[in-house]
>>> print(open('input.csv').read())   # CSV, N, CA and C atoms
chain,number,residue,atom,x,y,z
A,1,MET,N,-47.8,-6.9,9.8
A,1,MET,CA,-47.8,-7.0,11.2
A,1,MET,C,-46.4,-7.3,11.6
A,2,LYS,N,-46.0,-6.6,12.7
A,2,LYS,CA,-44.6,-6.8,13.2
A,2,LYS,C,-44.6,-6.7,14.8
A,3,VAL,N,-43.5,-7.1,15.3
A,3,VAL,CA,-43.3,-7.0,16.8
A,3,VAL,C,-43.5,-5.5,17.2
A,4,GLY,N,-44.2,-5.3,18.3
A,4,GLY,CA,-44.5,-4.0,18.8
A,4,GLY,C,-45.8,-3.4,18.4
A,5,ASP,N,-46.5,-4.0,17.4
A,5,ASP,CA,-47.8,-3.6,17.0
A,5,ASP,C,-48.8,-3.9,18.1
A,6,LEU,N,-49.8,-2.9,18.3
A,6,LEU,CA,-50.9,-3.2,19.1
A,6,LEU,C,-52.0,-3.8,18.3
A,7,VAL,N,-52.6,-4.9,18.7
A,7,VAL,CA,-53.5,-5.6,17.9
A,7,VAL,C,-54.8,-5.9,18.7
A,8,ARG,N,-55.9,-6.1,17.9
A,8,ARG,CA,-57.2,-6.4,18.5
A,8,ARG,C,-57.6,-7.8,18.0
A,9,TRP,N,-58.1,-8.6,18.9
A,9,TRP,CA,-58.6,-10.0,18.6
A,9,TRP,C,-60.0,-10.2,19.1
A,10,GLU,N,-60.9,-10.6,18.2
A,10,GLU,CA,-62.3,-10.8,18.5
A,10,GLU,C,-62.6,-12.2,18.4
A,11,THR,N,-63.3,-12.8,19.3
A,11,THR,CA,-63.7,-14.2,19.3
A,11,THR,C,-65.1,-14.4,19.7
A,12,VAL,N,-65.8,-15.3,19.1
A,12,VAL,CA,-67.2,-15.7,19.5
A,12,VAL,C,-67.1,-16.7,20.6
A,13,LEU,N,-67.9,-16.4,21.7
A,13,LEU,CA,-67.9,-17.3,22.8
A,13,LEU,C,-68.7,-18.5,22.7
A,14,ASN,N,-69.7,-18.5,21.8
A,14,ASN,CA,-70.6,-19.6,21.6
A,14,ASN,C,-71.1,-19.6,20.1
A,15,ASP,N,-72.0,-20.4,19.8
A,15,ASP,CA,-72.5,-20.4,18.4
A,15,ASP,C,-73.3,-19.1,18.1
A,16,SER,N,-73.7,-18.3,19.0
A,16,SER,CA,-74.5,-17.1,18.8
A,16,SER,C,-73.5,-15.9,18.6
A,17,MET,N,-73.7,-15.2,17.6
A,17,MET,CA,-72.9,-14.0,17.4
A,17,MET,C,-73.2,-12.9,18.4
A,18,ASP,N,-74.2,-13.1,19.2
A,18,ASP,CA,-74.5,-12.1,20.2
A,18,ASP,C,-73.5,-12.0,21.4
A,19,HIS,N,-72.8,-13.1,21.5
A,19,HIS,CA,-71.8,-13.2,22.6
A,19,HIS,C,-70.4,-13.3,22.1
A,20,HIS,N,-69.7,-12.2,22.2
A,20,HIS,CA,-68.3,-12.3,21.7
A,20,HIS,C,-67.4,-11.5,22.7
A,21,ARG,N,-66.1,-11.7,22.5
A,21,ARG,CA,-65.1,-11.1,23.4
A,21,ARG,C,-64.1,-10.4,22.5
A,22,VAL,N,-63.7,-9.2,23.0
A,22,VAL,CA,-62.7,-8.5,22.3
A,22,VAL,C,-61.5,-8.2,23.2
A,23,ASP,N,-60.3,-8.6,22.8
A,23,ASP,CA,-59.1,-8.4,23.6
A,23,ASP,C,-58.1,-7.5,22.8
A,24,HIS,N,-57.3,-6.8,23.5
A,24,HIS,CA,-56.2,-6.0,22.9
A,24,HIS,C,-54.9,-6.5,23.5
A,25,GLY,N,-53.8,-6.5,22.6
A,25,GLY,CA,-52.5,-7.0,23.1
A,25,GLY,C,-51.4,-6.4,22.3
A,26,LEU,N,-50.2,-6.8,22.7
A,26,LEU,CA,-49.0,-6.3,22.0
A,26,LEU,C,-48.3,-7.5,21.4
A,27,VAL,N,-47.9,-7.4,20.1
A,27,VAL,CA,-47.2,-8.5,19.4
A,27,VAL,C,-45.8,-8.5,20.0
A,28,ILE,N,-45.4,-9.7,20.5
A,28,ILE,CA,-44.0,-9.8,21.1
A,28,ILE,C,-43.1,-10.7,20.3
A,29,LYS,N,-43.6,-11.6,19.4
A,29,LYS,CA,-42.9,-12.4,18.5
A,29,LYS,C,-43.7,-12.7,17.3
A,30,MET,N,-43.0,-13.0,16.2
A,30,MET,CA,-43.6,-13.4,14.9
A,30,MET,C,-43.0,-14.7,14.5
A,31,SER,N,-43.8,-15.6,13.8
A,31,SER,CA,-43.3,-16.8,13.3
A,31,SER,C,-44.0,-17.2,12.0
A,32,ARG,N,-43.2,-17.6,11.0
A,32,ARG,CA,-43.8,-18.1,9.8
A,32,ARG,C,-44.3,-19.5,10.1
A,33,THR,N,-45.6,-19.8,9.7
A,33,THR,CA,-46.2,-21.1,10.0
A,33,THR,C,-46.4,-21.8,8.7
A,34,GLY,N,-46.2,-21.2,7.6
A,34,GLY,CA,-46.4,-21.9,6.3
A,34,GLY,C,-45.8,-21.0,5.2
A,35,HIS,N,-46.0,-21.4,4.0
A,35,HIS,CA,-45.5,-20.7,2.9
A,35,HIS,C,-46.0,-19.2,2.8
A,36,ASP,N,-47.4,-19.1,3.1
A,36,ASP,CA,-48.0,-17.8,3.0
A,36,ASP,C,-48.7,-17.4,4.3
A,37,SER,N,-48.3,-18.0,5.4
A,37,SER,CA,-49.0,-17.7,6.7
A,37,SER,C,-48.0,-17.4,7.8
A,38,GLU,N,-48.4,-16.6,8.8
A,38,GLU,CA,-47.6,-16.3,9.9
A,38,GLU,C,-48.5,-16.3,11.2
A,39,SER,N,-47.8,-16.5,12.3
A,39,SER,CA,-48.5,-16.4,13.6
A,39,SER,C,-47.8,-15.3,14.4
A,40,ALA,N,-48.5,-14.8,15.3
A,40,ALA,CA,-48.0,-13.7,16.2
A,40,ALA,C,-48.2,-14.2,17.7
A,41,GLN,N,-47.1,-14.0,18.5
A,41,GLN,CA,-47.3,-14.3,19.9
A,41,GLN,C,-47.7,-12.9,20.5
A,42,VAL,N,-48.8,-12.9,21.2
A,42,VAL,CA,-49.4,-11.7,21.7
A,42,VAL,C,-49.5,-11.7,23.2
A,43,LEU,N,-49.1,-10.6,23.8
A,43,LEU,CA,-49.2,-10.4,25.2
A,43,LEU,C,-50.5,-9.5,25.4
A,44,PHE,N,-51.5,-10.2,26.0
A,44,PHE,CA,-52.8,-9.4,26.2
A,44,PHE,C,-52.8,-8.6,27.5
A,45,THR,N,-53.7,-7.7,27.6
A,45,THR,CA,-53.8,-6.8,28.7
A,45,THR,C,-54.0,-7.5,30.1
A,46,ASP,N,-54.5,-8.7,30.0
A,46,ASP,CA,-54.7,-9.5,31.3
A,46,ASP,C,-53.5,-10.3,31.7
A,47,GLY,N,-52.4,-10.2,30.9
A,47,GLY,CA,-51.2,-10.9,31.2
A,47,GLY,C,-51.0,-12.2,30.4
A,48,GLU,N,-52.1,-12.7,29.8
A,48,GLU,CA,-52.0,-13.9,29.0
A,48,GLU,C,-51.2,-13.8,27.8
A,49,ILE,N,-50.4,-14.8,27.4
A,49,ILE,CA,-49.6,-14.8,26.2
A,49,ILE,C,-50.0,-16.0,25.4
A,50,CYS,N,-50.3,-15.8,24.1
A,50,CYS,CA,-50.7,-16.9,23.2
A,50,CYS,C,-50.3,-16.6,21.8
A,51,TRP,N,-50.2,-17.7,21.0
A,51,TRP,CA,-49.9,-17.6,19.6
A,51,TRP,C,-51.2,-17.6,18.8
A,52,LEU,N,-51.4,-16.7,17.8
A,52,LEU,CA,-52.6,-16.6,17.0
A,52,LEU,C,-52.2,-16.4,15.6
A,53,ASP,N,-53.0,-16.9,14.6
A,53,ASP,CA,-52.7,-16.7,13.2
A,53,ASP,C,-53.0,-15.2,13.0
A,54,THR,N,-52.1,-14.6,12.2
A,54,THR,CA,-52.2,-13.1,12.0
A,54,THR,C,-53.5,-12.7,11.3
A,55,HIS,N,-54.1,-13.6,10.5
A,55,HIS,CA,-55.3,-13.3,9.8
A,55,HIS,C,-56.5,-13.1,10.8
A,56,LYS,N,-56.3,-13.6,12.0
A,56,LYS,CA,-57.3,-13.4,13.0
A,56,LYS,C,-57.2,-12.1,13.9
A,57,LEU,N,-56.1,-11.4,13.6
A,57,LEU,CA,-55.8,-10.2,14.3
A,57,LEU,C,-55.9,-8.9,13.5
A,58,GLU,N,-56.3,-7.8,14.1
A,58,GLU,CA,-56.4,-6.6,13.4
A,58,GLU,C,-55.4,-5.6,14.1
A,59,VAL,N,-54.6,-5.0,13.3
A,59,VAL,CA,-53.6,-4.0,13.8
A,59,VAL,C,-54.3,-2.7,14.2
A,60,VAL,N,-54.2,-2.3,15.4
A,60,VAL,CA,-54.9,-1.1,15.9
A,60,VAL,C,-53.9,0.1,15.8
A,61,ASN,N,-52.6,-0.2,16.1
A,61,ASN,CA,-51.6,0.9,16.1
A,61,ASN,C,-50.3,0.2,15.8
A,62,GLU,N,-49.7,0.6,14.7
A,62,GLU,CA,-48.4,0.1,14.3
A,62,GLU,C,-47.3,0.7,15.1
A,63,SER,N,-46.3,-0.1,15.4
A,63,SER,CA,-45.1,0.4,16.1
A,63,SER,C,-44.3,1.2,15.2
A,64,GLY,N,-43.6,2.2,15.8
A,64,GLY,CA,-42.8,3.1,15.0
A,64,GLY,C,-41.5,2.7,14.7
>>> encode(input="input.csv", output="structure tokens")
Amino acid sequence: MKVGDLVRWETVLNDSMDHHRVDHGLVIKMSRTGHDSESAQVLFTDGEICWLDTHKLEVVNESG
């Protein structure tokens, strides 16, 4: 994963797997958070910006 990648983030809204939310966004920054872990700062389509662990994100389209 790198800056410029389009990513997908899916989250469960409650304890039931029947209610979930899927968001898409653009990776705008990367940060190493541990020896083997990284976080990505993502700009979502609704304008929200947040940091997420990269293992929670799926790359939809890699930047060229």
>>> atom_distance(input="input.csv", atom1="atom CA of A:Met1", atom2="atom CA of A:His20")
23.6 Å
>>> residues_around(input="input.csv", residues="A:Leu43", least_positions_apart="6", cutoff="7 Å", atoms="only N, CA and C atoms", output="JSON list (two decimals) with N, CA and C atoms, in the coordinates of the input")
[["chain", "number", "residue", "atom", "x", "y", "z"],
["A", 24, "HIS", "N", -57.30, -6.80, 23.50],
["A", 24, "HIS", "CA", -56.20, -6.00, 22.90],
["A", 24, "HIS", "C", -54.90, -6.50, 23.50],
["A", 25, "GLY", "N", -53.80, -6.50, 22.60],
["A", 25, "GLY", "CA", -52.50, -7.00, 23.10],
["A", 25, "GLY", "C", -51.40, -6.40, 22.30],
["A", 26, "LEU", "N", -50.20, -6.80, 22.70],
["A", 26, "LEU", "CA", -49.00, -6.30, 22.00],
["A", 26, "LEU", "C", -48.30, -7.50, 21.40],
["A", 27, "VAL", "N", -47.90, -7.40, 20.10],
["A", 27, "VAL", "CA", -47.20, -8.50, 19.40],
["A", 27, "VAL", "C", -45.80, -8.50, 20.00],
["A", 28, "ILE", "N", -45.40, -9.70, 20.50],
["A", 28, "ILE", "CA", -44.00, -9.80, 21.10],
["A", 28, "ILE", "C", -43.10, -10.70, 20.30],
["A", 49, "ILE", "N", -50.40, -14.80, 27.40],
["A", 49, "ILE", "CA", -49.60, -14.80, 26.20],
["A", 49, "ILE", "C", -50.00, -16.00, 25.40],
["A", 50, "CYS", "N", -50.30, -15.80, 24.10],
["A", 50, "CYS", "CA", -50.70, -16.90, 23.20],
["A", 50, "CYS", "C", -50.30, -16.60, 21.80]]
>>> closest_residue(input="input.csv", among="A:Ser37, A:Phe44, A:Val7, A:Lys2", to="A:Asn61", atoms="all atoms listed in the file")
A:Val7
>>> axis_aligned_box(input="input.csv", around="stretch 59-63 of chain A", padding_each_side="5 Å", output="lines of an AutoDock Vina configuration file")
center_x = -49.6
center_y = -1.9
center_z = 14.7
size_x = 20.6
size_y = 16.2
size_z = 12.8
>>> select_by_dssp(input="input.csv", residues="chain A", states="strand (DSSP E or B)", output="number ranges by chain")
A: 6-12, 20-32, 38-44, 49-53, 57-61
>>> write_last_selection(input="input.csv", atoms="N, CA and C atoms", output="mmCIF file, keeping the file's coordinate frame")
data_model
loop_
_atom_site.group_PDB
_atom_site.id
_atom_site.type_symbol
_atom_site.label_atom_id
_atom_site.label_comp_id
_atom_site.auth_asym_id
_atom_site.auth_seq_id
_atom_site.Cartn_x
_atom_site.Cartn_y
_atom_site.Cartn_z
ATOM 1 N N LEU A 6 -49.800 -2.900 18.300
ATOM 2 C CA LEU A 6 -50.900 -3.200 19.100
ATOM 3 C C LEU A 6 -52.000 -3.800 18.300
ATOM 4 N N VAL A 7 -52.600 -4.900 18.700
ATOM 5 C CA VAL A 7 -53.500 -5.600 17.900
ATOM 6 C C VAL A 7 -54.800 -5.900 18.700
ATOM 7 N N ARG A 8 -55.900 -6.100 17.900
ATOM 8 C CA ARG A 8 -57.200 -6.400 18.500
ATOM 9 C C ARG A 8 -57.600 -7.800 18.000
ATOM 10 N N TRP A 9 -58.100 -8.600 18.900
ATOM 11 C CA TRP A 9 -58.600 -10.000 18.600
ATOM 12 C C TRP A 9 -60.000 -10.200 19.100
ATOM 13 N N GLU A 10 -60.900 -10.600 18.200
ATOM 14 C CA GLU A 10 -62.300 -10.800 18.500
ATOM 15 C C GLU A 10 -62.600 -12.200 18.400
ATOM 16 N N THR A 11 -63.300 -12.800 19.300
ATOM 17 C CA THR A 11 -63.700 -14.200 19.300
ATOM 18 C C THR A 11 -65.100 -14.400 19.700
ATOM 19 N N VAL A 12 -65.800 -15.300 19.100
ATOM 20 C CA VAL A 12 -67.200 -15.700 19.500
ATOM 21 C C VAL A 12 -67.100 -16.700 20.600
ATOM 22 N N HIS A 20 -69.700 -12.200 22.200
ATOM 23 C CA HIS A 20 -68.300 -12.300 21.700
ATOM 24 C C HIS A 20 -67.400 -11.500 22.700
ATOM 25 N N ARG A 21 -66.100 -11.700 22.500
ATOM 26 C CA ARG A 21 -65.100 -11.100 23.400
ATOM 27 C C ARG A 21 -64.100 -10.400 22.500
ATOM 28 N N VAL A 22 -63.700 -9.200 23.000
ATOM 29 C CA VAL A 22 -62.700 -8.500 22.300
ATOM 30 C C VAL A 22 -61.500 -8.200 23.200
ATOM 31 N N ASP A 23 -60.300 -8.600 22.800
ATOM 32 C CA ASP A 23 -59.100 -8.400 23.600
ATOM 33 C C ASP A 23 -58.100 -7.500 22.800
ATOM 34 N N HIS A 24 -57.300 -6.800 23.500
ATOM 35 C CA HIS A 24 -56.200 -6.000 22.900
ATOM 36 C C HIS A 24 -54.900 -6.500 23.500
ATOM 37 N N GLY A 25 -53.800 -6.500 22.600
ATOM 38 C CA GLY A 25 -52.500 -7.000 23.100
ATOM 39 C C GLY A 25 -51.400 -6.400 22.300
ATOM 40 N N LEU A 26 -50.200 -6.800 22.700
ATOM 41 C CA LEU A 26 -49.000 -6.300 22.000
ATOM 42 C C LEU A 26 -48.300 -7.500 21.400
ATOM 43 N N VAL A 27 -47.900 -7.400 20.100
ATOM 44 C CA VAL A 27 -47.200 -8.500 19.400
ATOM 45 C C VAL A 27 -45.800 -8.500 20.000
ATOM 46 N N ILE A 28 -45.400 -9.700 20.500
ATOM 47 C CA ILE A 28 -44.000 -9.800 21.100
ATOM 48 C C ILE A 28 -43.100 -10.700 20.300
ATOM 49 N N LYS A 29 -43.600 -11.600 19.400
ATOM 50 C CA LYS A 29 -42.900 -12.400 18.500
ATOM 51 C C LYS A 29 -43.700 -12.700 17.300
ATOM 52 N N MET A 30 -43.000 -13.000 16.200
ATOM 53 C CA MET A 30 -43.600 -13.400 14.900
ATOM 54 C C MET A 30 -43.000 -14.700 14.500
ATOM 55 N N SER A 31 -43.800 -15.600 13.800
ATOM 56 C CA SER A 31 -43.300 -16.800 13.300
ATOM 57 C C SER A 31 -44.000 -17.200 12.000
ATOM 58 N N ARG A 32 -43.200 -17.600 11.000
ATOM 59 C CA ARG A 32 -43.800 -18.100 9.800
ATOM 60 C C ARG A 32 -44.300 -19.500 10.100
ATOM 61 N N GLU A 38 -48.400 -16.600 8.800
ATOM 62 C CA GLU A 38 -47.600 -16.300 9.900
ATOM 63 C C GLU A 38 -48.500 -16.300 11.200
ATOM 64 N N SER A 39 -47.800 -16.500 12.300
ATOM 65 C CA SER A 39 -48.500 -16.400 13.600
ATOM 66 C C SER A 39 -47.800 -15.300 14.400
ATOM 67 N N ALA A 40 -48.500 -14.800 15.300
ATOM 68 C CA ALA A 40 -48.000 -13.700 16.200
ATOM 69 C C ALA A 40 -48.200 -14.200 17.700
ATOM 70 N N GLN A 41 -47.100 -14.000 18.500
ATOM 71 C CA GLN A 41 -47.300 -14.300 19.900
ATOM 72 C C GLN A 41 -47.700 -12.900 20.500
ATOM 73 N N VAL A 42 -48.800 -12.900 21.200
ATOM 74 C CA VAL A 42 -49.400 -11.700 21.700
ATOM 75 C C VAL A 42 -49.500 -11.700 23.200
ATOM 76 N N LEU A 43 -49.100 -10.600 23.800
ATOM 77 C CA LEU A 43 -49.200 -10.400 25.200
ATOM 78 C C LEU A 43 -50.500 -9.500 25.400
ATOM 79 N N PHE A 44 -51.500 -10.200 26.000
ATOM 80 C CA PHE A 44 -52.800 -9.400 26.200
ATOM 81 C C PHE A 44 -52.800 -8.600 27.500
ATOM 82 N N ILE A 49 -50.400 -14.800 27.400
ATOM 83 C CA ILE A 49 -49.600 -14.800 26.200
ATOM 84 C C ILE A 49 -50.000 -16.000 25.400
ATOM 85 N N CYS A 50 -50.300 -15.800 24.100
ATOM 86 C CA CYS A 50 -50.700 -16.900 23.200
ATOM 87 C C CYS A 50 -50.300 -16.600 21.800
ATOM 88 N N TRP A 51 -50.200 -17.700 21.000
ATOM 89 C CA TRP A 51 -49.900 -17.600 19.600
ATOM 90 C C TRP A 51 -51.200 -17.600 18.800
ATOM 91 N N LEU A 52 -51.400 -16.700 17.800
ATOM 92 C CA LEU A 52 -52.600 -16.600 17.000
ATOM 93 C C LEU A 52 -52.200 -16.400 15.600
ATOM 94 N N ASP A 53 -53.000 -16.900 14.600
ATOM 95 C CA ASP A 53 -52.700 -16.700 13.200
ATOM 96 C C ASP A 53 -53.000 -15.200 13.000
ATOM 97 N N LEU A 57 -56.100 -11.400 13.600
ATOM 98 C CA LEU A 57 -55.800 -10.200 14.300
ATOM 99 C C LEU A 57 -55.900 -8.900 13.500
ATOM 100 N N GLU A 58 -56.300 -7.800 14.100
ATOM 101 C CA GLU A 58 -56.400 -6.600 13.400
ATOM 102 C C GLU A 58 -55.400 -5.600 14.100
ATOM 103 N N VAL A 59 -54.600 -5.000 13.300
ATOM 104 C CA VAL A 59 -53.600 -4.000 13.800
ATOM 105 C C VAL A 59 -54.300 -2.700 14.200
ATOM 106 N N VAL A 60 -54.200 -2.300 15.400
ATOM 107 C CA VAL A 60 -54.900 -1.100 15.900
ATOM 108 C C VAL A 60 -53.900 0.100 15.800
ATOM 109 N N ASN A 61 -52.600 -0.200 16.100
ATOM 110 C CA ASN A 61 -51.600 0.900 16.100
ATOM 111 C C ASN A 61 -50.300 0.200 15.800
#
>>> atom_distance(input="input.csv", atom1="atom N of A:Leu6", atom2="atom C of A:His35")
22.8 Å
>>> atom_distance(input="input.csv", atom1="atom CA of A:Glu10", atom2="atom CA of A:Gly47")
16.9 Å
>>> residues_around(input="input.csv", residues="A:Val22", least_positions_apart="5", cutoff="7 Å", atoms="only N, CA and C atoms", output="PyMOL selection string")
chain A and resi 8-11
>>> decode(input="input.csv", residues="stretch 32-57 of chain A", atoms="N, CA and C atoms", output="tab-separated table (two decimals), in the first residue's frame")
chain	number	residue	atom	x	y	z
A	32	ARG	N	4.78	4.23	9.66
A	32	ARG	CA	5.11	2.96	10.32
A	32	ARG	C	4.69	3.08	11.77
A	33	THR	N	3.90	2.11	12.24
A	33	THR	CA	3.39	2.15	13.61
A	33	THR	C	4.03	1.10	14.50
A	34	GLY	N	4.83	0.26	13.94
A	34	GLY	CA	5.52	-0.78	14.70
A	34	GLY	C	6.55	-1.44	13.81
A	35	HIS	N	7.18	-2.49	14.32
A	35	HIS	CA	8.22	-3.17	13.54
A	35	HIS	C	7.66	-3.74	12.24
A	36	ASP	N	6.46	-4.33	12.31
A	36	ASP	CA	5.86	-4.96	11.13
A	36	ASP	C	4.50	-4.36	10.77
A	37	SER	N	4.18	-3.18	11.27
A	37	SER	CA	2.85	-2.63	11.00
A	37	SER	C	2.94	-1.19	10.48
A	38	GLU	N	1.93	-0.85	9.70
A	38	GLU	CA	1.83	0.50	9.13
A	38	GLU	C	0.40	1.00	9.26
A	39	SER	N	0.25	2.30	9.24
A	39	SER	CA	-1.06	2.95	9.19
A	39	SER	C	-1.10	3.84	7.97
A	40	ALA	N	-2.32	4.03	7.47
A	40	ALA	CA	-2.52	4.91	6.33
A	40	ALA	C	-3.50	6.00	6.72
A	41	GLN	N	-3.17	7.23	6.33
A	41	GLN	CA	-4.13	8.32	6.50
A	41	GLN	C	-4.95	8.35	5.21
A	42	VAL	N	-6.27	8.24	5.38
A	42	VAL	CA	-7.16	8.08	4.23
A	42	VAL	C	-8.14	9.25	4.16
A	43	LEU	N	-8.28	9.80	2.97
A	43	LEU	CA	-9.29	10.82	2.68
A	43	LEU	C	-10.47	10.09	2.05
A	44	PHE	N	-11.58	10.04	2.78
A	44	PHE	CA	-12.77	9.34	2.30
A	44	PHE	C	-13.62	10.24	1.42
A	45	THR	N	-14.54	9.61	0.66
A	45	THR	CA	-15.36	10.35	-0.30
A	45	THR	C	-16.27	11.38	0.37
A	46	ASP	N	-16.56	11.21	1.67
A	46	ASP	CA	-17.40	12.19	2.37
A	46	ASP	C	-16.59	13.35	2.95
A	47	GLY	N	-15.26	13.36	2.69
A	47	GLY	CA	-14.39	14.44	3.16
A	47	GLY	C	-13.70	14.14	4.48
A	48	GLU	N	-14.10	13.05	5.15
A	48	GLU	CA	-13.47	12.69	6.43
A	48	GLU	C	-12.06	12.16	6.19
A	49	ILE	N	-11.14	12.52	7.09
A	49	ILE	CA	-9.76	12.04	7.03
A	49	ILE	C	-9.47	11.31	8.33
A	50	CYS	N	-8.95	10.08	8.24
A	50	CYS	CA	-8.61	9.35	9.47
A	50	CYS	C	-7.46	8.37	9.20
A	51	TRP	N	-6.80	7.99	10.30
A	51	TRP	CA	-5.72	7.01	10.26
A	51	TRP	C	-6.29	5.63	10.53
A	52	LEU	N	-5.90	4.64	9.72
A	52	LEU	CA	-6.34	3.26	9.89
A	52	LEU	C	-5.17	2.32	9.70
A	53	ASP	N	-5.19	1.20	10.43
A	53	ASP	CA	-4.18	0.16	10.20
A	53	ASP	C	-4.35	-0.39	8.79
A	54	THR	N	-3.25	-0.60	8.10
A	54	THR	CA	-3.33	-1.04	6.71
A	54	THR	C	-3.95	-2.42	6.57
A	55	HIS	N	-3.86	-3.25	7.62
A	55	HIS	CA	-4.46	-4.59	7.50
A	55	HIS	C	-5.99	-4.53	7.51
A	56	LYS	N	-6.57	-3.37	7.83
A	56	LYS	CA	-8.02	-3.19	7.79
A	56	LYS	C	-8.50	-2.63	6.46
A	57	LEU	N	-7.57	-2.34	5.55
A	57	LEU	CA	-7.88	-1.74	4.27
A	57	LEU	C	-7.61	-2.71	3.13
